[in-house]
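Engineer: If you scroll down you'll find the structure; I have some questions about it.
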Amino acid sequence: EELSISNQCPDSLLVNILCLCINIKKVILGMHCQITDQCFDRIFPHNKFQYLEHIEIRKNDLLTMKTLSNILLYCDNIASILDIEGWSKVDRDDLEELREHMRDNNIDIVLEEKQEDSRGVSLYQICQSALKERYGRVV
């Protein structure tokens with residue numbers, strides 16, 4: 001019911017794996033798993049993720065609003081799509097417009113992590129900051 005991929009994975013393998021996950025409820029793709037819009041274009045004809053409830057794709061430089069729109073269109077049970085702010089090709093204004101549309105139409109899909117910390121910082125952000133302080137930027 002849950003799939004988590006955190007390391008680099010060839011596109012063809014990623015597409016094959018996700019095409020076969022018909023009953024998956026939760027997908028987590030880490031920042032090193034750089035999935036593309038084209039991958040999703042190859043997956044959706046075979047798997048509409050009809051049971052998918054949660055998807056989290058961390059720090060992606062290749063995904064656009066096209067994939068986000070397709071997830072909203074095809075995934076009937078989707079309840080959360082996390083870390084969209086980390087998708088560098090998604091325009092902030094488009095994302096805010098989507099949030100407003102969902103709010104205005106009472107669509108209850110979570111598009112950002114709930115702020116658990118009183119400082120307004122998520123656990124992911126705290127861990128990421130601590131790692132940067134400890135190890136610095138890798139070039």
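In the structure tokens, chains take the letters A, B, ... in the order shown, each chain's residues start at 1, and ligands count up from 1 in the order shown.
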Set out as JSON lines a contact list for range 3-79 of chain A and range 84-102 of chain A with a cut-off of 12 Å, giving each residue of range 3-79 of chain A that qualifies its closest atom pair and distance in Å to one decimal, counting only C-alpha atoms, ordered by chain and rising residue number.
Structural biologist:
{"residue": "A:Gly30", "atom": "CA", "partner": "A:Gly86", "partner_atom": "CA", "distance": 11.1}
{"residue": "A:Met31", "atom": "CA", "partner": "A:Gly86", "partner_atom": "CA", "distance": 9.2}
{"residue": "A:Gln34", "atom": "CA", "partner": "A:Trp87", "partner_atom": "CA", "distance": 10.4}
{"residue": "A:Ile35", "atom": "CA", "partner": "A:Trp87", "partner_atom": "CA", "distance": 10.9}
{"residue": "A:Thr36", "atom": "CA", "partner": "A:Trp87", "partner_atom": "CA", "distance": 10.8}
{"residue": "A:Asp37", "atom": "CA", "partner": "A:Lys89", "partner_atom": "CA", "distance": 10.8}
{"residue": "A:Ile55", "atom": "CA", "partner": "A:Ile84", "partner_atom": "CA", "distance": 10.2}
{"residue": "A:Glu56", "atom": "CA", "partner": "A:Ile84", "partner_atom": "CA", "distance": 8.2}
{"residue": "A:Ile57", "atom": "CA", "partner": "A:Ile84", "partner_atom": "CA", "distance": 7.4}
{"residue": "A:Arg58", "atom": "CA", "partner": "A:Gly86", "partner_atom": "CA", "distance": 6.2}
{"residue": "A:Lys59", "atom": "CA", "partner": "A:Gly86", "partner_atom": "CA", "distance": 4.3}
{"residue": "A:Asn60", "atom": "CA", "partner": "A:Trp87", "partner_atom": "CA", "distance": 4.6}
{"residue": "A:Asp61", "atom": "CA", "partner": "A:Ser88", "partner_atom": "CA", "distance": 5.0}
{"residue": "A:Leu62", "atom": "CA", "partner": "A:Lys89", "partner_atom": "CA", "distance": 6.5}
{"residue": "A:Leu63", "atom": "CA", "partner": "A:Trp87", "partner_atom": "CA", "distance": 6.2}
{"residue": "A:Thr64", "atom": "CA", "partner": "A:Val90", "partner_atom": "CA", "distance": 5.1}
{"residue": "A:Met65", "atom": "CA", "partner": "A:Val90", "partner_atom": "CA", "distance": 5.7}
{"residue": "A:Lys66", "atom": "CA", "partner": "A:Val90", "partner_atom": "CA", "distance": 9.1}
{"residue": "A:Thr67", "atom": "CA", "partner": "A:Val90", "partner_atom": "CA", "distance": 9.9}
{"residue": "A:Leu68", "atom": "CA", "partner": "A:Ile84", "partner_atom": "CA", "distance": 8.5}
{"residue": "A:Ser69", "atom": "CA", "partner": "A:Leu98", "partner_atom": "CA", "distance": 9.7}
{"residue": "A:Leu72", "atom": "CA", "partner": "A:Leu98", "partner_atom": "CA", "distance": 10.8}
Engineer: To test your reading of the structure, identify every residue in range 34-96 of chain A that backbone DSSP assigns to helix (DSSP H, G or I), and report it as number ranges by chain.
Structural biologist: A: 37-43, 65-74, 84-86, 92-96
Engineer: Just the number, please: distance in Å from CA of Phe49 in chain A to CA of Asn23 in chain A, one decimal.
Structural biologist: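 Distance reported for this atom pair: 7.2 Å.
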Engineer: So, with only C-alpha atoms as the atoms that count, which of A:Cys39, A:Ile126, A:Leu3, A:Cys33 lies closest to His54 in chain A?
Structural biologist: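 Smallest separation from His54 in chain A among the options: A:Leu3.
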